[in-house]
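What follows is run_31.cif (mmCIF, C-alpha atoms).
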```cif
data_input
#
loop_
_atom_site.label_atom_id
_atom_site.label_comp_id
_atom_site.auth_asym_id
_atom_site.auth_seq_id
_atom_site.Cartn_x
_atom_site.Cartn_y
_atom_site.Cartn_z
CA MET A 12 -9.37 28.23 -100.65
CA ALA A 13 -7.63 31.22 -102.20
CA ALA A 14 -8.12 31.95 -105.87
CA GLU A 15 -5.13 31.42 -108.11
CA PRO A 16 -3.53 34.71 -109.18
CA ALA A 17 -3.76 35.57 -112.86
CA ALA A 18 -0.65 34.73 -114.83
CA ALA A 19 1.60 37.75 -115.18
CA ALA A 20 3.25 38.77 -118.43
CA PRO A 21 6.89 37.76 -118.66
CA ALA A 22 9.05 40.42 -117.00
CA GLY A 23 11.06 41.01 -120.18
CA ALA A 24 7.91 41.77 -122.20
CA LEU A 25 6.69 44.24 -119.60
CA GLN A 26 10.04 46.02 -119.45
CA ARG A 27 10.25 46.58 -123.20
CA SER A 28 6.99 48.52 -123.33
CA GLN A 29 8.03 50.97 -120.58
CA VAL A 30 9.04 54.51 -121.52
CA ASP A 31 10.74 57.35 -119.66
CA LEU A 32 7.79 59.39 -118.38
CA VAL A 33 9.67 62.71 -118.07
CA ASP A 34 7.85 64.09 -121.14
CA PHE A 35 4.52 63.65 -119.34
CA VAL A 36 5.45 65.66 -116.21
CA ASP A 37 3.39 68.84 -115.84
CA TRP A 38 6.29 71.16 -114.94
CA SER A 39 3.98 74.03 -113.93
CA GLY A 40 2.82 72.02 -110.91
CA VAL A 41 6.09 70.40 -109.81
CA GLU A 42 7.17 71.19 -106.24
CA CYS A 43 10.09 70.18 -104.05
CA LEU A 44 10.09 71.00 -100.34
CA ASN A 45 13.40 71.51 -98.50
CA GLN A 46 15.51 71.84 -101.64
CA ASN A 47 18.67 73.93 -101.73
CA THR A 48 17.83 76.63 -104.30
CA GLY A 49 21.35 76.34 -105.73
CA HIS A 50 20.87 72.59 -106.26
CA SER A 51 17.19 72.26 -107.19
CA LEU A 52 14.96 69.45 -108.46
CA VAL A 53 15.42 70.47 -112.11
CA ASN A 54 19.02 69.19 -111.88
CA ALA A 55 17.87 65.65 -111.08
CA LEU A 56 14.64 65.46 -113.09
CA LYS A 57 14.97 67.34 -116.40
CA GLN A 58 16.52 65.62 -119.41
CA GLY A 59 19.95 67.02 -120.23
CA TYR A 60 20.48 68.25 -116.65
CA ARG A 61 20.06 64.87 -114.95
CA GLU A 62 22.74 63.30 -117.19
CA ASP A 63 25.33 65.85 -116.00
CA GLU A 64 27.27 64.32 -113.08
CA GLY A 65 28.07 67.82 -111.73
CA LEU A 66 24.40 68.76 -111.30
CA TYR A 67 22.27 67.38 -108.47
CA LEU A 68 19.33 68.00 -106.17
CA GLU A 69 20.36 68.66 -102.58
CA SER A 70 18.28 69.00 -99.42
CA ASP A 71 18.56 72.21 -97.42
CA ALA A 72 17.67 72.26 -93.70
CA ASP A 73 17.96 68.49 -93.08
CA GLU A 74 18.18 65.21 -94.99
CA GLN A 75 14.53 65.01 -96.07
CA LEU A 76 13.03 65.95 -99.44
CA LEU A 77 9.39 65.96 -100.50
CA ILE A 78 8.81 66.02 -104.26
CA TYR A 79 5.40 66.43 -105.92
CA MET A 80 4.99 65.72 -109.64
CA PRO A 81 1.68 66.03 -111.48
CA PHE A 82 1.38 64.50 -114.94
CA LYS A 83 -0.20 65.93 -118.11
CA GLN A 84 -2.12 62.68 -118.54
CA VAL A 85 -2.81 59.54 -116.53
CA ILE A 86 0.14 57.14 -116.37
CA LYS A 87 0.95 53.64 -115.12
CA LEU A 88 4.20 53.69 -113.16
CA HIS A 89 6.31 50.54 -113.39
CA SER A 90 9.70 51.51 -111.95
CA ILE A 91 11.76 54.40 -110.67
CA LEU A 92 15.46 55.12 -110.95
CA ILE A 93 17.08 57.31 -108.28
CA LYS A 94 20.82 57.88 -108.60
CA GLY A 95 22.94 59.46 -105.91
CA PRO A 96 26.30 59.32 -104.14
CA GLU A 97 26.99 56.24 -101.99
CA GLU A 98 27.20 58.16 -98.70
CA ASP A 99 24.61 60.94 -98.95
CA GLY A 100 22.33 59.45 -101.59
CA PRO A 101 18.74 58.61 -100.56
CA ARG A 102 18.05 55.48 -98.49
CA MET A 103 14.37 55.24 -97.47
CA VAL A 104 12.03 56.46 -100.20
CA LYS A 105 8.23 56.45 -99.90
CA LEU A 106 6.03 56.90 -102.96
CA PHE A 107 2.45 58.14 -102.91
CA ALA A 108 0.16 57.96 -105.95
CA ASN A 109 -2.47 60.72 -106.33
CA LYS A 110 -1.87 62.41 -102.96
CA GLU A 111 -1.90 66.19 -103.23
CA HIS A 112 -0.95 68.90 -100.74
CA MET A 113 1.35 66.75 -98.67
CA GLY A 114 3.86 68.40 -96.38
CA PHE A 115 6.43 67.21 -93.86
CA SER A 116 3.81 67.65 -91.12
CA ASN A 117 1.34 65.17 -92.66
CA VAL A 118 3.42 62.85 -94.87
CA ASN A 119 3.35 60.12 -92.21
CA ASP A 120 -0.45 60.37 -91.86
CA TYR A 121 -0.94 58.47 -95.12
CA PRO A 122 0.09 54.93 -96.05
CA ALA A 123 2.66 54.94 -98.85
CA SER A 124 1.68 53.28 -102.14
CA ASP A 125 5.16 51.74 -101.97
CA SER A 126 8.30 52.08 -99.83
CA VAL A 127 11.80 51.32 -101.04
CA VAL A 128 15.14 51.05 -99.27
CA LEU A 129 17.71 52.01 -101.90
CA THR A 130 20.91 49.98 -102.14
CA THR A 131 24.28 50.95 -103.59
CA ALA A 132 23.24 49.22 -106.83
CA HIS A 133 20.14 51.43 -107.03
CA LEU A 134 22.18 54.58 -106.39
CA LYS A 135 24.45 53.60 -109.28
CA GLY A 136 21.51 53.38 -111.69
CA LYS A 137 19.59 50.12 -111.15
CA PRO A 138 15.84 50.87 -111.42
CA VAL A 139 13.50 49.80 -108.62
CA THR A 140 10.45 47.83 -109.79
CA LEU A 141 7.41 49.09 -107.92
CA LYS A 142 4.18 47.41 -106.77
CA TYR A 143 2.70 47.89 -110.22
CA VAL A 144 -0.90 47.35 -109.07
CA LYS A 145 -0.60 50.40 -106.79
CA PHE A 146 0.38 52.69 -109.68
CA GLN A 147 -2.24 51.99 -112.39
CA ASN A 148 -4.06 55.33 -112.75
CA VAL A 149 -1.52 57.89 -111.58
CA ARG A 150 -2.30 61.58 -112.04
CA SER A 151 0.45 62.70 -109.65
CA LEU A 152 3.34 61.20 -107.72
CA THR A 153 4.76 62.33 -104.40
CA ILE A 154 8.25 61.11 -103.53
CA PHE A 155 9.26 61.38 -99.87
CA ILE A 156 12.98 60.90 -99.32
CA GLU A 157 13.03 60.18 -95.61
CA ASP A 158 16.76 59.77 -95.01
CA ASN A 159 20.08 59.01 -96.67
CA GLN A 160 22.63 56.20 -96.62
CA SER A 161 24.98 57.55 -93.94
CA GLY A 162 22.69 59.65 -91.74
CA ALA A 163 24.37 62.82 -93.06
CA ASP A 164 22.70 66.22 -92.65
CA LEU A 165 22.08 66.65 -96.38
CA THR A 166 20.82 64.30 -99.09
CA LYS A 167 21.97 64.46 -102.71
CA VAL A 168 20.09 63.09 -105.73
CA GLN A 169 21.82 63.04 -109.11
CA LYS A 170 18.99 61.63 -111.21
CA ILE A 171 15.33 60.68 -110.95
CA ALA A 172 13.72 58.81 -113.84
CA LEU A 173 10.24 57.29 -113.94
CA PHE A 174 9.39 54.39 -116.24
CA GLY A 175 5.94 53.23 -117.23
CA THR A 176 3.25 53.79 -119.82
CA THR A 177 0.50 56.28 -120.51
CA VAL A 178 -3.07 55.18 -119.95
CA GLU A 179 -5.14 55.24 -123.12
CA THR A 180 -8.45 56.83 -122.23
CA THR A 181 -11.56 55.96 -124.16
CA ASP A 182 -14.45 58.37 -124.59
CA MET A 183 -17.36 56.09 -123.69
CA LYS A 184 -19.94 58.69 -124.85
CA GLY A 185 -18.29 58.68 -128.27
CA LEU A 186 -18.50 54.88 -128.41
CA LYS A 187 -22.18 54.92 -127.45
CA LYS A 188 -23.03 57.35 -130.21
CA MET A 189 -21.24 55.22 -132.80
CA GLU A 190 -23.21 52.14 -131.71
CA ASP A 191 -26.50 54.07 -132.16
CA HIS A 192 -25.92 54.50 -135.90
#
```
Written form, structure tokens:
Amino acid sequence: MAAEPAAAAPAGALQRSQVDLVDFVDWSGVECLNQNTGHSLVNALKQGYREDEGLYLESDADEQLLIYMPFKQVIKLHSILIKGPEEDGPRMVKLFANKEHMGFSNVNDYPASDSVVLTTAHLKGKPVTLKYVKFQNVRSLTIFIEDNQSGADLTKVQKIALFGTTVETTDMKGLKKMEDH
């Protein structure tokens, strides 16, 4: 007999505690493969830029994009928002937690932490709730945009926002010393 799953917190309560994680991105390590240098990742990811409808991230040689984002501290990722145009906005998106040095040649060698097929509602700004258990101790996130809505040669992304919480780390050595006194 299977064990009963633990009761989850009400969805509304979980949502309220989530924050935009853009402030925790370690910009020095961010990479985007196959981006058009005139329409780079900064346009879709950085605050101020990503709110400007005229700025966007665009793929270069084909429709695929591979984005790597390290974080300054460990985070828990709850949901992701990816906005784009209805025709050439992303469709299949695969997310990988804590996978470094991925390229187009090996991205399919690893199982995704979560895969999402974006709908028109998502492209207009509806966040996608992720498999939260797969994103508990995230040091980096790789986003593989596999294709777009219409099968066009290029993919456009107007905004990427990540929502979750930071992980409070406890110094166990410090606790031990306090107990000794």
Exercise. Which of these, A:Glu74, A:Glu64, A:Glu179, A:Asp120, has the shortest distance to Gln160 (chain A) once you count only C-alpha atoms?
Worked result: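 Using only C-alpha atoms, Gln160 (chain A) sits closest to A:Glu74.
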Exercise. So what does the PyMOL selection byres ((chain A and resi 73) around 6) actually pick up in this one, as a PyMOL selection string?
Worked result: chain A and resi 71-72+74-75+164-165
Problem set entry | Output of the PyMOL selection byres ((chain A and resi 55) around 8), listed as JSON, numbers by chain | {"A": [51, 52, 53, 54, 56, 57, 60, 61, 66, 67, 68, 168, 169, 170, 171]}
Problem set entry | Nearest-residue call for Ile86 (chain A), choices A:Val128, A:Lys137, A:Asn47, A:Ala108, using only C-alpha atoms |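 Counting only C-alpha atoms, the residue closest to Ile86 (chain A) is A:Ala108.
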For this session: May I have the protein, DNA and RNA residues with an atom at most 8 Å from (22.3, 53.8, -105.3), counting all atoms listed in the file in the file's coordinates, returned as a PyMOL selection string?
Result: chain A and resi 93-97+100-101+129-137
